[in-house]
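Structure below is query-v9.cif: mmCIF, C-alpha atoms.
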data_start
loop_
_atom_site.label_atom_id
_atom_site.label_comp_id
_atom_site.auth_asym_id
_atom_site.auth_seq_id
_atom_site.Cartn_x
_atom_site.Cartn_y
_atom_site.Cartn_z
CA MET A 439 -194.95 117.33 -114.33
CA ASN A 440 -193.64 114.41 -112.36
CA CYS A 441 -193.70 111.11 -114.15
CA ILE A 442 -192.71 107.48 -113.80
CA ILE A 443 -192.00 104.79 -116.39
CA VAL A 444 -193.35 101.28 -115.93
CA ASP A 445 -191.95 98.78 -118.45
CA ASP A 446 -190.29 95.41 -117.96
CA GLN A 447 -187.79 96.05 -120.77
CA ASP A 448 -184.72 98.17 -120.06
CA SER A 449 -184.41 99.28 -123.67
CA ALA A 450 -188.05 100.42 -123.80
CA ARG A 451 -187.60 102.55 -120.68
CA LEU A 452 -184.54 104.11 -122.24
CA VAL A 453 -186.51 105.06 -125.35
CA VAL A 454 -189.17 106.80 -123.23
CA ARG A 455 -186.46 108.56 -121.28
CA GLN A 456 -184.99 109.88 -124.53
CA LEU A 457 -188.37 111.06 -125.79
CA CYS A 458 -188.92 112.89 -122.49
CA GLU A 459 -185.63 114.78 -122.79
CA GLY A 460 -187.07 117.25 -125.27
CA ILE A 461 -190.02 118.17 -123.04
CA PRO A 462 -189.65 121.11 -120.67
CA ASP A 463 -191.01 120.68 -117.11
CA LEU A 464 -191.25 116.89 -117.40
CA ASP A 465 -189.29 115.08 -114.69
CA ILE A 466 -188.86 111.33 -114.59
CA ILE A 467 -188.73 110.67 -110.88
CA GLU A 468 -188.59 106.87 -110.99
CA GLU A 469 -188.49 103.86 -113.32
CA PHE A 470 -189.95 100.43 -112.62
CA SER A 471 -189.46 97.10 -114.35
CA SER A 472 -192.35 95.61 -112.37
CA ALA A 473 -195.91 96.89 -112.13
CA ILE A 474 -196.23 95.72 -108.53
CA GLU A 475 -193.21 97.79 -107.48
CA ALA A 476 -194.75 100.81 -109.21
CA ILE A 477 -198.02 100.34 -107.32
CA LYS A 478 -196.17 100.22 -104.01
CA PHE A 479 -194.43 103.44 -104.92
CA LEU A 480 -197.69 105.12 -105.95
CA ASN A 481 -199.28 104.24 -102.63
CA GLN A 482 -196.72 106.54 -101.05
CA GLN A 483 -196.46 109.27 -103.63
CA ASN A 484 -198.58 110.93 -106.32
CA VAL A 485 -197.30 111.57 -109.80
CA ASP A 486 -198.80 113.46 -112.74
CA VAL A 487 -197.99 111.09 -115.59
CA ILE A 488 -197.39 107.35 -115.86
CA PHE A 489 -195.80 105.89 -119.00
CA LEU A 490 -197.04 102.34 -119.03
CA ASP A 491 -196.32 99.21 -121.04
CA ILE A 492 -199.27 96.86 -121.59
CA HIS A 493 -197.62 93.47 -121.89
CA MET A 494 -195.65 92.78 -118.74
CA PRO A 495 -195.10 89.40 -117.08
CA GLY A 496 -197.61 88.57 -114.36
CA PHE A 497 -199.45 91.86 -114.26
CA SER A 498 -200.66 93.61 -117.41
CA GLY A 499 -200.88 97.35 -117.96
CA PHE A 500 -204.67 97.14 -117.75
CA ASP A 501 -204.48 95.26 -114.42
CA PHE A 502 -202.25 98.08 -113.26
CA VAL A 503 -204.72 100.78 -114.35
CA GLN A 504 -207.54 98.98 -112.55
CA THR A 505 -205.69 98.86 -109.24
CA LEU A 506 -204.52 102.44 -109.44
CA LYS A 507 -205.96 104.84 -106.90
CA THR A 508 -204.11 108.00 -107.85
CA PRO A 509 -205.54 110.41 -110.40
CA ALA A 510 -202.49 110.37 -112.69
CA GLN A 511 -202.71 110.64 -116.46
CA ILE A 512 -201.64 107.41 -118.12
CA VAL A 513 -199.90 107.16 -121.46
CA LEU A 514 -199.73 103.62 -122.80
CA ILE A 515 -196.61 102.74 -124.72
CA THR A 516 -196.71 99.46 -126.56
CA ALA A 517 -195.87 97.57 -129.72
CA ASP A 518 -199.38 96.11 -129.77
CA LYS A 519 -201.77 97.98 -132.02
CA ASP A 520 -204.82 95.95 -131.13
CA LEU A 521 -205.75 97.11 -127.65
CA ALA A 522 -206.67 100.75 -128.28
CA ILE A 523 -210.38 99.92 -128.08
CA GLU A 524 -209.86 98.45 -124.62
CA ALA A 525 -207.83 101.49 -123.59
CA TYR A 526 -210.85 103.72 -124.21
CA GLU A 527 -212.61 101.88 -121.36
CA TYR A 528 -210.35 103.68 -118.89
CA GLU A 529 -210.81 107.37 -118.35
CA SER A 530 -207.36 107.76 -116.83
CA ILE A 531 -205.67 106.60 -120.05
CA SER A 532 -205.07 109.77 -121.99
CA ASP A 533 -203.08 108.40 -124.90
CA TYR A 534 -201.99 105.21 -126.63
CA LEU A 535 -198.64 105.31 -128.39
CA VAL A 536 -197.41 102.53 -130.64
CA LYS A 537 -193.70 101.89 -131.02
CA PRO A 538 -191.71 103.16 -132.80
CA ILE A 539 -192.81 106.56 -131.49
CA THR A 540 -191.79 109.74 -133.27
CA GLN A 541 -190.80 112.76 -131.19
CA GLU A 542 -193.56 114.70 -132.92
CA ARG A 543 -196.28 112.27 -131.82
CA PHE A 544 -194.82 112.16 -128.34
CA ASN A 545 -194.83 115.97 -128.07
CA LYS A 546 -198.47 116.03 -129.17
CA SER A 547 -199.27 113.49 -126.51
CA MET A 548 -197.57 115.57 -123.82
CA ASN A 549 -199.60 118.63 -124.85
CA LYS A 550 -202.76 116.62 -124.44
CA VAL A 551 -201.65 115.36 -121.03
CA LYS A 552 -200.84 118.90 -119.92
CA ASN A 553 -204.29 120.11 -120.98
CA ASN A 554 -205.97 117.23 -119.18
CA LEU A 555 -204.03 117.94 -116.01
CA ARG A 556 -204.93 121.62 -116.22
CA ARG A 557 -208.59 120.73 -116.64
CA THR A 558 -208.54 118.40 -113.65
CA SER A 559 -207.04 121.12 -111.50
CA VAL A 560 -209.68 123.61 -112.68
CA MET A 561 -212.38 121.13 -111.72
CA HIS A 562 -210.75 120.85 -108.36
CA GLN A 563 -211.15 124.57 -107.76
CA GLY A 564 -214.84 124.59 -108.53
CA GLY A 565 -215.44 123.38 -112.03
CA PRO A 566 -218.29 123.74 -114.44
CA LEU A 567 -220.96 122.26 -112.20
CA SER A 568 -220.24 124.31 -109.10
CA ASP A 569 -221.50 127.84 -108.71
CA PRO A 570 -218.97 130.71 -108.80
CA ILE A 571 -218.98 131.06 -105.02
CA GLY A 572 -218.23 127.37 -104.71
CA ASN A 573 -220.43 126.38 -101.80
CA ASP A 574 -222.44 123.74 -103.57
CA LEU A 575 -222.50 120.96 -106.10
CA TYR A 576 -225.08 119.98 -108.71
CA ILE A 577 -225.90 116.33 -109.08
CA ASN A 578 -227.87 114.70 -111.85
CA ILE A 579 -230.96 112.93 -110.45
CA ASP A 580 -233.48 111.64 -112.99
CA ARG A 581 -232.60 114.28 -115.59
CA ARG A 582 -232.82 117.00 -112.98
CA LEU A 583 -229.79 118.87 -111.73
CA THR A 584 -230.25 119.04 -108.00
CA LYS A 585 -228.27 121.49 -105.91
CA LEU A 586 -226.57 120.22 -102.79
CA LYS A 587 -224.79 122.48 -100.34
CA PHE A 588 -221.39 121.10 -99.38
CA ASP A 589 -222.26 121.71 -95.78
CA ASP A 590 -225.39 119.53 -96.02
CA ILE A 591 -223.51 116.48 -97.27
CA LEU A 592 -222.72 114.02 -94.49
CA PHE A 593 -220.82 111.41 -96.45
CA ILE A 594 -220.54 109.73 -99.82
CA LYS A 595 -220.35 106.00 -100.36
CA ALA A 596 -219.15 104.22 -103.53
CA LYS A 597 -221.41 101.50 -104.84
CA GLY A 598 -220.20 100.04 -108.14
CA ASP A 599 -220.92 102.51 -110.92
CA TYR A 600 -222.94 104.65 -108.55
CA ILE A 601 -222.37 106.70 -105.44
CA ASP A 602 -224.71 107.33 -102.54
CA VAL A 603 -224.68 110.93 -101.39
CA LYS A 604 -226.12 111.17 -97.88
CA THR A 605 -227.48 114.38 -96.46
CA HIS A 606 -229.37 114.91 -93.21
CA LYS A 607 -232.73 114.38 -94.94
CA GLU A 608 -232.01 112.37 -98.08
CA MET A 609 -229.94 109.69 -99.72
CA TYR A 610 -229.20 110.46 -103.38
CA VAL A 611 -228.03 107.77 -105.79
CA VAL A 612 -225.88 109.32 -108.50
CA HIS A 613 -224.22 107.71 -111.52
CA SER A 614 -220.65 108.73 -110.84
CA THR A 615 -217.51 107.58 -109.10
CA LEU A 616 -215.97 108.47 -105.79
CA LYS A 617 -212.89 109.76 -107.55
CA LYS A 618 -214.93 112.16 -109.65
CA ILE A 619 -216.90 113.64 -106.79
CA LYS A 620 -213.76 113.87 -104.70
CA ASP A 621 -212.32 116.25 -107.28
CA LYS A 622 -215.35 118.50 -106.91
CA LEU A 623 -215.42 118.63 -103.11
CA PRO A 624 -213.42 121.15 -101.09
CA ASP A 625 -210.76 119.22 -99.19
CA ASN A 626 -210.91 121.54 -96.20
CA ILE A 627 -214.08 119.75 -95.02
CA PHE A 628 -214.08 116.47 -96.94
CA LEU A 629 -211.77 113.55 -96.41
CA GLN A 630 -211.55 110.04 -97.77
CA THR A 631 -211.56 107.60 -94.84
CA HIS A 632 -211.82 104.38 -96.79
CA ARG A 633 -211.65 103.33 -100.44
CA SER A 634 -215.46 103.45 -100.56
CA TYR A 635 -216.15 106.45 -98.32
CA ILE A 636 -215.63 110.19 -98.29
CA ILE A 637 -216.86 112.00 -95.20
CA ASN A 638 -217.62 115.58 -94.29
CA PHE A 639 -215.45 115.59 -91.18
CA THR A 640 -217.14 118.62 -89.66
CA LYS A 641 -220.09 116.24 -89.07
CA ILE A 642 -218.18 113.69 -87.01
CA ILE A 643 -219.68 112.90 -83.62
CA ASP A 644 -217.02 110.55 -82.37
CA ILE A 645 -214.18 108.39 -83.59
CA GLU A 646 -213.35 104.85 -82.65
CA ASP A 647 -210.36 102.80 -83.63
CA ASN A 648 -211.51 101.97 -87.13
CA SER A 649 -214.76 103.88 -87.58
CA VAL A 650 -216.35 107.30 -87.22
CA LEU A 651 -219.89 108.13 -86.24
CA ILE A 652 -221.78 110.68 -88.35
CA GLU A 653 -225.37 111.15 -87.19
CA LYS A 654 -226.45 107.52 -86.88
CA ASN A 655 -224.09 106.18 -89.50
CA VAL A 656 -220.94 104.23 -88.69
CA ILE A 657 -218.34 104.87 -91.40
CA PRO A 658 -215.22 102.71 -91.65
CA ILE A 659 -211.74 104.19 -91.54
CA SER A 660 -209.02 102.23 -93.26
CA ARG A 661 -205.62 101.99 -91.63
CA SER A 662 -203.93 103.95 -94.40
CA ASN A 663 -206.39 106.85 -94.17
CA ARG A 664 -206.47 107.10 -90.38
CA PRO A 665 -203.28 109.19 -89.92
CA GLU A 666 -204.61 111.92 -92.21
CA LEU A 667 -207.89 112.07 -90.26
CA ILE A 668 -206.09 112.29 -86.93
CA ARG A 669 -203.80 114.98 -88.33
CA ARG A 670 -206.81 117.13 -89.23
CA LEU A 671 -208.41 116.92 -85.80
CA ASN A 672 -208.03 119.50 -83.14
CA LEU A 673 -206.81 117.05 -80.50
CA LEU A 674 -206.50 117.85 -76.83
CA MET B 950 -227.30 122.11 -120.00
CA LYS B 951 -224.83 121.01 -122.65
CA ASN B 952 -225.62 121.20 -126.35
CA CYS B 953 -224.92 118.29 -128.62
CA VAL B 954 -225.08 117.34 -132.26
CA ILE B 955 -225.48 113.77 -133.51
CA VAL B 956 -223.96 112.72 -136.82
CA GLU B 957 -225.26 109.28 -137.73
CA ASP B 958 -226.53 107.83 -141.00
CA GLU B 959 -228.15 104.75 -139.52
CA GLN B 960 -231.71 105.40 -138.36
CA THR B 961 -231.86 102.95 -135.45
CA ALA B 962 -228.49 104.01 -134.07
CA LEU B 963 -229.62 107.63 -134.30
CA GLU B 964 -232.78 106.93 -132.32
CA VAL B 965 -230.84 105.12 -129.61
CA ALA B 966 -228.31 107.95 -129.34
CA LYS B 967 -231.08 110.57 -129.17
CA HIS B 968 -232.89 108.65 -126.46
CA LEU B 969 -229.80 108.19 -124.30
CA ALA B 970 -228.63 111.78 -124.76
CA VAL B 971 -231.95 113.24 -123.63
CA LYS B 972 -233.10 110.74 -121.04
CA TYR B 973 -229.86 110.01 -119.22
CA GLY B 974 -227.34 112.56 -120.43
CA ALA B 975 -229.59 115.58 -119.80
CA LEU B 976 -228.27 116.99 -123.06
CA ASN B 977 -229.92 119.42 -125.42
CA ILE B 978 -229.83 118.11 -129.00
CA LEU B 979 -229.28 121.08 -131.33
CA ALA B 980 -229.44 119.07 -134.55
CA THR B 981 -228.89 115.64 -136.08
CA PHE B 982 -227.28 114.89 -139.45
CA ASP B 983 -226.99 111.85 -141.67
CA LYS B 984 -224.17 113.38 -143.73
CA ALA B 985 -220.84 114.63 -142.50
CA GLU B 986 -220.53 117.66 -144.75
CA GLU B 987 -223.69 119.42 -143.54
CA ALA B 988 -222.77 118.56 -139.97
CA LEU B 989 -219.31 120.00 -140.43
CA ALA B 990 -220.66 123.28 -141.78
CA TYR B 991 -223.12 123.50 -138.88
CA VAL B 992 -220.60 122.72 -136.13
CA ASN B 993 -217.96 125.05 -137.55
CA LYS B 994 -220.46 127.90 -137.78
CA ASN B 995 -222.31 127.28 -134.53
CA GLY B 996 -220.06 127.96 -131.56
CA LYS B 997 -222.59 126.60 -129.08
CA VAL B 998 -221.93 122.92 -129.79
CA ASP B 999 -220.37 121.29 -126.71
CA ILE B 1000 -220.44 117.66 -127.80
CA VAL B 1001 -220.53 115.91 -131.17
CA PHE B 1002 -221.54 112.25 -131.36
CA LEU B 1003 -219.86 111.11 -134.53
CA ASP B 1004 -220.20 107.95 -136.54
CA ILE B 1005 -216.97 107.05 -138.37
CA HIS B 1006 -218.34 105.42 -141.52
CA LEU B 1007 -220.52 108.08 -143.10
CA PRO B 1008 -221.72 108.14 -146.72
CA ASP B 1009 -219.92 111.29 -147.86
CA MET B 1010 -216.75 111.39 -145.75
CA SER B 1011 -215.19 109.52 -142.85
CA GLY B 1012 -215.48 110.70 -139.26
CA PHE B 1013 -211.73 111.26 -139.28
CA SER B 1014 -211.94 113.63 -142.27
CA PHE B 1015 -214.67 115.41 -140.35
CA LEU B 1016 -212.27 115.83 -137.43
CA GLU B 1017 -209.46 117.05 -139.69
CA ASN B 1018 -211.72 119.74 -141.12
CA LEU B 1019 -213.18 120.89 -137.85
CA THR B 1020 -212.30 124.48 -137.02
CA SER B 1021 -214.20 124.68 -133.73
CA THR B 1022 -213.30 122.60 -130.67
CA PRO B 1023 -216.25 120.61 -129.32
CA LYS B 1024 -215.72 117.37 -127.42
CA VAL B 1025 -216.18 114.45 -129.76
CA VAL B 1026 -217.53 111.01 -128.87
CA LEU B 1027 -217.01 108.51 -131.69
CA VAL B 1028 -219.82 106.01 -132.09
CA THR B 1029 -219.16 103.14 -134.45
CA ALA B 1030 -219.65 99.45 -135.05
CA ASP B 1031 -216.02 99.25 -136.16
CA LYS B 1032 -213.67 98.21 -133.37
CA ASN B 1033 -210.53 98.60 -135.44
CA LEU B 1034 -210.13 102.36 -135.56
CA ALA B 1035 -209.57 103.19 -131.90
CA LEU B 1036 -205.84 103.58 -132.44
CA THR B 1037 -206.42 106.21 -135.15
CA ALA B 1038 -208.87 107.94 -132.83
CA TYR B 1039 -206.11 108.50 -130.27
CA ASN B 1040 -204.45 110.84 -132.79
CA PHE B 1041 -207.27 113.34 -132.38
CA ASP B 1042 -207.20 115.38 -129.19
CA LEU B 1043 -210.87 116.33 -129.42
CA VAL B 1044 -211.96 112.71 -129.20
CA VAL B 1045 -212.80 111.95 -125.58
CA ASP B 1046 -214.27 108.50 -126.07
CA TYR B 1047 -214.85 105.71 -128.55
CA LEU B 1048 -218.11 103.79 -128.20
CA VAL B 1049 -218.90 100.59 -130.01
CA LYS B 1050 -222.45 100.02 -131.23
CA PRO B 1051 -224.91 98.98 -130.03
CA LEU B 1052 -224.75 101.79 -127.47
CA GLN B 1053 -225.05 100.79 -123.82
CA LYS B 1054 -226.41 103.23 -121.25
CA ASP B 1055 -223.63 102.89 -118.68
CA ARG B 1056 -220.85 103.19 -121.19
CA PHE B 1057 -222.63 106.14 -122.81
CA MET B 1058 -222.83 107.89 -119.43
CA GLU B 1059 -219.13 107.35 -118.84
CA ALA B 1060 -218.43 109.10 -122.12
CA ILE B 1061 -220.70 112.05 -121.28
CA ASN B 1062 -219.12 112.44 -117.88
CA GLN B 1063 -215.82 113.10 -119.59
CA CYS B 1064 -217.22 115.84 -121.81
#
Translate the structure described by the file into structure tokens.
Amino acid sequence: MNCIIVDDQDSARLVVRQLCEGIPDLDIIEEFSSAIEAIKFLNQQNVDVIFLDIHMPGFSGFDFVQTLKTPAQIVLITADKDLAIEAYEYESISDYLVKPITQERFNKSMNKVKNNLRRTSVMHQGGPLSDPIGNDLYINIDRRLTKLKFDDILFIKAKGDYIDVKTHKEMYVVHSTLKKIKDKLPDNIFLQTHRSYIINFTKIIDIEDNSVLIEKNVIPISRSNRPELIRRLNLL
Amino acid sequence: MKNCVIVEDEQTALEVAKHLAVKYGALNILATFDKAEEALAYVNKNGKVDIVFLDIHLPDMSGFSFLENLTSTPKVVLVTADKNLALTAYNFDLVVDYLVKPLQKDRFMEAINQC
């Protein structure tokens, strides 16, 4: 597991480093004293685990979690006992450790993180709501689980707490997040083109500078996602 | 469809949880309990329970004692009016979420989506 430590205090980072020493297959690849620097780093590279302080100058741990786009597991490390209830608001936060942290509690936390990571990767390969062949996805519409074939999905758009799933015939509104559905979709045909859009790129009709056309829908491509799209195309 | 059990001693809170679980969560409610001990015996014996909605302050034992005595491994969503026990909840790996009463639909759905 690759991890990073984000804490403004040198001594606190050292403590985490020492706790990590006893854990096999846990590599600290970088340390940051500023949350902003960590975000810049994470825009370039994915990690599995982020050890995160809550109280940092300028940008709190919760601000950090909100801006995060990567699916890493977050372990909060803090001296403040009073924010655990707030931590439960964020699915990506898998544990909340209060200093001083015993090695025993830390080891328990790492087991939990490992299990969560394993579960996420299982979901990625199909998961409980896909059929064993893995050609479709079930979505919950008005208490009914509706089957959608991957190949019928044109694109998915994020809309607050909901996502719009567009097929040739229908537009389904589902209570879920883009991140969650992304984990369930096969990445050989789906691609995120924008923070609010995932497209089925086999359905593309043409591509302009900053948009793609799918049937009659113009979908934006953000600058950061464009290279990946171009890379996947069979260009002449 | 996932099977759930609701452990809640307060009648109104129980009704709200039942309503949300069925209407929005598409869950099958196997049983509801107002005491922890009976619930514990049921969940430990019945391997089909996927999710337990668990109040923390129960008349006969606390939700945390319930968790300590659990021998099966369902996902547990704590439902309580007490905001001060979230830190303790993090010590239990089975706990996937901590909801503060009164239950809200959106927050409830977020919890179910993690189960």
For the provided coordinates, the residues matched by the PyMOL selection byres ((chain B and resi 1041-1054) around 8) should be stated as a ChimeraX atom specification. /A:523,526,550 /B:962,965-966,969,973,1016,1022-1032,1035,1037-1040,1055-1058,1060,1063-1064
Pull out every residue of chain A that has at least one atom within 9 Å of chain B, counting all atoms listed in the file, and report them as a PDB file with C-alpha atoms, keeping the file's coordinate frame.
ATOM      1  CA  LYS A 519    -201.770  97.980-132.020  1.00  0.00           C
ATOM      2  CA  ASP A 520    -204.820  95.950-131.130  1.00  0.00           C
ATOM      3  CA  LEU A 521    -205.750  97.110-127.650  1.00  0.00           C
ATOM      4  CA  ALA A 522    -206.670 100.750-128.280  1.00  0.00           C
ATOM      5  CA  ILE A 523    -210.380  99.920-128.080  1.00  0.00           C
ATOM      6  CA  GLU A 524    -209.860  98.450-124.620  1.00  0.00           C
ATOM      7  CA  ALA A 525    -207.830 101.490-123.590  1.00  0.00           C
ATOM      8  CA  TYR A 526    -210.850 103.720-124.210  1.00  0.00           C
ATOM      9  CA  GLU A 527    -212.610 101.880-121.360  1.00  0.00           C
ATOM     10  CA  GLU A 529    -210.810 107.370-118.350  1.00  0.00           C
ATOM     11  CA  SER A 532    -205.070 109.770-121.990  1.00  0.00           C
ATOM     12  CA  ASP A 533    -203.080 108.400-124.900  1.00  0.00           C
ATOM     13  CA  TYR A 534    -201.990 105.210-126.630  1.00  0.00           C
ATOM     14  CA  LEU A 535    -198.640 105.310-128.390  1.00  0.00           C
ATOM     15  CA  VAL A 536    -197.410 102.530-130.640  1.00  0.00           C
ATOM     16  CA  ARG A 543    -196.280 112.270-131.820  1.00  0.00           C
ATOM     17  CA  LYS A 546    -198.470 116.030-129.170  1.00  0.00           C
ATOM     18  CA  SER A 547    -199.270 113.490-126.510  1.00  0.00           C
ATOM     19  CA  LYS A 550    -202.760 116.620-124.440  1.00  0.00           C
ATOM     20  CA  ASN A 578    -227.870 114.700-111.850  1.00  0.00           C
ATOM     21  CA  ASP A 580    -233.480 111.640-112.990  1.00  0.00           C
ATOM     22  CA  ARG A 581    -232.600 114.280-115.590  1.00  0.00           C
ATOM     23  CA  ARG A 582    -232.820 117.000-112.980  1.00  0.00           C
ATOM     24  CA  LEU A 583    -229.790 118.870-111.730  1.00  0.00           C
ATOM     25  CA  ASP A 599    -220.920 102.510-110.920  1.00  0.00           C
ATOM     26  CA  HIS A 613    -224.220 107.710-111.520  1.00  0.00           C
ATOM     27  CA  SER A 614    -220.650 108.730-110.840  1.00  0.00           C
TER      28      SER A 614
END
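Atom to atom, atom CA of A:Lys595 and atom CA of A:Thr615 stand 9.3 Å apart.
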Going by the chain IDs and residue numbers used in this file, which residues fall under the PyMOL selection byres ((chain B and resi 1004-1012) around 7)? Write them as an MDAnalysis selection string. chainID B and resid 956:958 984:985 1002:1003 1013:1016 1027:1029
Applied to this file, what does the PyMOL selection byres ((chain A and resi 446) around 9) return in terms of residues, put as JSON, numbers by chain? {"A": [444, 445, 447, 448, 450, 451, 470, 471, 472, 473, 491, 493, 494, 495]}
Those same residues, written as a compact mmCIF listing (two decimals), in the frame of the given file with C-alpha atoms?
# COMPACT_ATOMS: atom_id res chain seq x y z
CA VAL A 444 -193.35 101.28 -115.93
CA ASP A 445 -191.95 98.78 -118.45
CA GLN A 447 -187.79 96.05 -120.77
CA ASP A 448 -184.72 98.17 -120.06
CA ALA A 450 -188.05 100.42 -123.80
CA ARG A 451 -187.60 102.55 -120.68
CA PHE A 470 -189.95 100.43 -112.62
CA SER A 471 -189.46 97.10 -114.35
CA SER A 472 -192.35 95.61 -112.37
CA ALA A 473 -195.91 96.89 -112.13
CA ASP A 491 -196.32 99.21 -121.04
CA HIS A 493 -197.62 93.47 -121.89
CA MET A 494 -195.65 92.78 -118.74
CA PRO A 495 -195.10 89.40 -117.08
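The residue set within 10 Å of A:Gly460, counting only C-alpha atoms and dropping same-chain residues fewer than 3 places from it, reads Arg455, Gln456, Leu457, Asp463, Leu464, Gln541, Phe544 and Asn545 of chain A.
Atom CA of B:Gly996 lies 26.8 Å from atom CA of A:Lys622.
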In the coordinate frame of the file, compute which residues have an atom within 6 Å of (-217.9, 110.5, -100.6) when using only C-alpha atoms, and state them as a PyMOL selection string. chain A and resi 593-595+616+635-637
Next, dump the selected residues to file, keeping only C-alpha atoms, as an mmCIF file, keeping the file's coordinate frame.
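The resulting again21.cif:
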data_model
loop_
_atom_site.group_PDB
_atom_site.id
_atom_site.type_symbol
_atom_site.label_atom_id
_atom_site.label_comp_id
_atom_site.auth_asym_id
_atom_site.auth_seq_id
_atom_site.Cartn_x
_atom_site.Cartn_y
_atom_site.Cartn_z
ATOM 1 C CA PHE A 593 -220.820 111.410 -96.450
ATOM 2 C CA ILE A 594 -220.540 109.730 -99.820
ATOM 3 C CA LYS A 595 -220.350 106.000 -100.360
ATOM 4 C CA LEU A 616 -215.970 108.470 -105.790
ATOM 5 C CA TYR A 635 -216.150 106.450 -98.320
ATOM 6 C CA ILE A 636 -215.630 110.190 -98.290
ATOM 7 C CA ILE A 637 -216.860 112.000 -95.200
#
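Interatomic distance, atom CA of A:Gln483 to atom CA of A:Thr505: 15.0 Å.
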Because the input lacks atoms here, generate N, CA and C atoms for stretch 1018-1032 of chain B and report them as a PDB file, in the coordinates of the input.
ATOM      1  N   ASN B1018    -211.196 118.485-140.569  1.00  0.00           N
ATOM      2  CA  ASN B1018    -211.720 119.740-141.120  1.00  0.00           C
ATOM      3  C   ASN B1018    -212.461 120.605-140.109  1.00  0.00           C
ATOM      4  N   LEU B1019    -212.472 120.149-138.890  1.00  0.00           N
ATOM      5  CA  LEU B1019    -213.180 120.890-137.850  1.00  0.00           C
ATOM      6  C   LEU B1019    -212.370 122.122-137.453  1.00  0.00           C
ATOM      7  N   THR B1020    -213.023 123.279-137.437  1.00  0.00           N
ATOM      8  CA  THR B1020    -212.300 124.480-137.020  1.00  0.00           C
ATOM      9  C   THR B1020    -212.699 124.902-135.612  1.00  0.00           C
ATOM     10  N   SER B1021    -213.829 124.407-135.119  1.00  0.00           N
ATOM     11  CA  SER B1021    -214.200 124.680-133.730  1.00  0.00           C
ATOM     12  C   SER B1021    -213.715 123.509-132.865  1.00  0.00           C
ATOM     13  N   THR B1022    -213.886 123.617-131.550  1.00  0.00           N
ATOM     14  CA  THR B1022    -213.300 122.600-130.670  1.00  0.00           C
ATOM     15  C   THR B1022    -214.310 121.989-129.694  1.00  0.00           C
ATOM     16  N   PRO B1023    -215.354 121.330-130.229  1.00  0.00           N
ATOM     17  CA  PRO B1023    -216.250 120.610-129.320  1.00  0.00           C
ATOM     18  C   PRO B1023    -215.586 119.325-128.839  1.00  0.00           C
ATOM     19  N   LYS B1024    -216.147 118.723-127.800  1.00  0.00           N
ATOM     20  CA  LYS B1024    -215.720 117.370-127.420  1.00  0.00           C
ATOM     21  C   LYS B1024    -216.369 116.401-128.402  1.00  0.00           C
ATOM     22  N   VAL B1025    -215.639 115.398-128.786  1.00  0.00           N
ATOM     23  CA  VAL B1025    -216.180 114.450-129.760  1.00  0.00           C
ATOM     24  C   VAL B1025    -216.218 113.042-129.168  1.00  0.00           C
ATOM     25  N   VAL B1026    -217.396 112.416-129.272  1.00  0.00           N
ATOM     26  CA  VAL B1026    -217.530 111.010-128.870  1.00  0.00           C
ATOM     27  C   VAL B1026    -217.774 110.210-130.143  1.00  0.00           C
ATOM     28  N   LEU B1027    -216.838 109.339-130.494  1.00  0.00           N
ATOM     29  CA  LEU B1027    -217.010 108.510-131.690  1.00  0.00           C
ATOM     30  C   LEU B1027    -217.953 107.362-131.369  1.00  0.00           C
ATOM     31  N   VAL B1028    -218.860 107.096-132.269  1.00  0.00           N
ATOM     32  CA  VAL B1028    -219.820 106.010-132.090  1.00  0.00           C
ATOM     33  C   VAL B1028    -219.777 105.168-133.358  1.00  0.00           C
ATOM     34  N   THR B1029    -219.336 103.934-133.246  1.00  0.00           N
ATOM     35  CA  THR B1029    -219.160 103.140-134.450  1.00  0.00           C
ATOM     36  C   THR B1029    -219.311 101.654-134.170  1.00  0.00           C
ATOM     37  N   ALA B1030    -219.589 100.897-135.214  1.00  0.00           N
ATOM     38  CA  ALA B1030    -219.650  99.450-135.050  1.00  0.00           C
ATOM     39  C   ALA B1030    -218.262  98.851-135.310  1.00  0.00           C
ATOM     40  N   ASP B1031    -217.349  99.698-135.765  1.00  0.00           N
ATOM     41  CA  ASP B1031    -216.020  99.250-136.160  1.00  0.00           C
ATOM     42  C   ASP B1031    -215.028  99.361-134.994  1.00  0.00           C
ATOM     43  N   LYS B1032    -214.571  98.208-134.533  1.00  0.00           N
ATOM     44  CA  LYS B1032    -213.670  98.210-133.370  1.00  0.00           C
ATOM     45  C   LYS B1032    -212.235  98.515-133.728  1.00  0.00           C
TER      46      LYS B1032
END
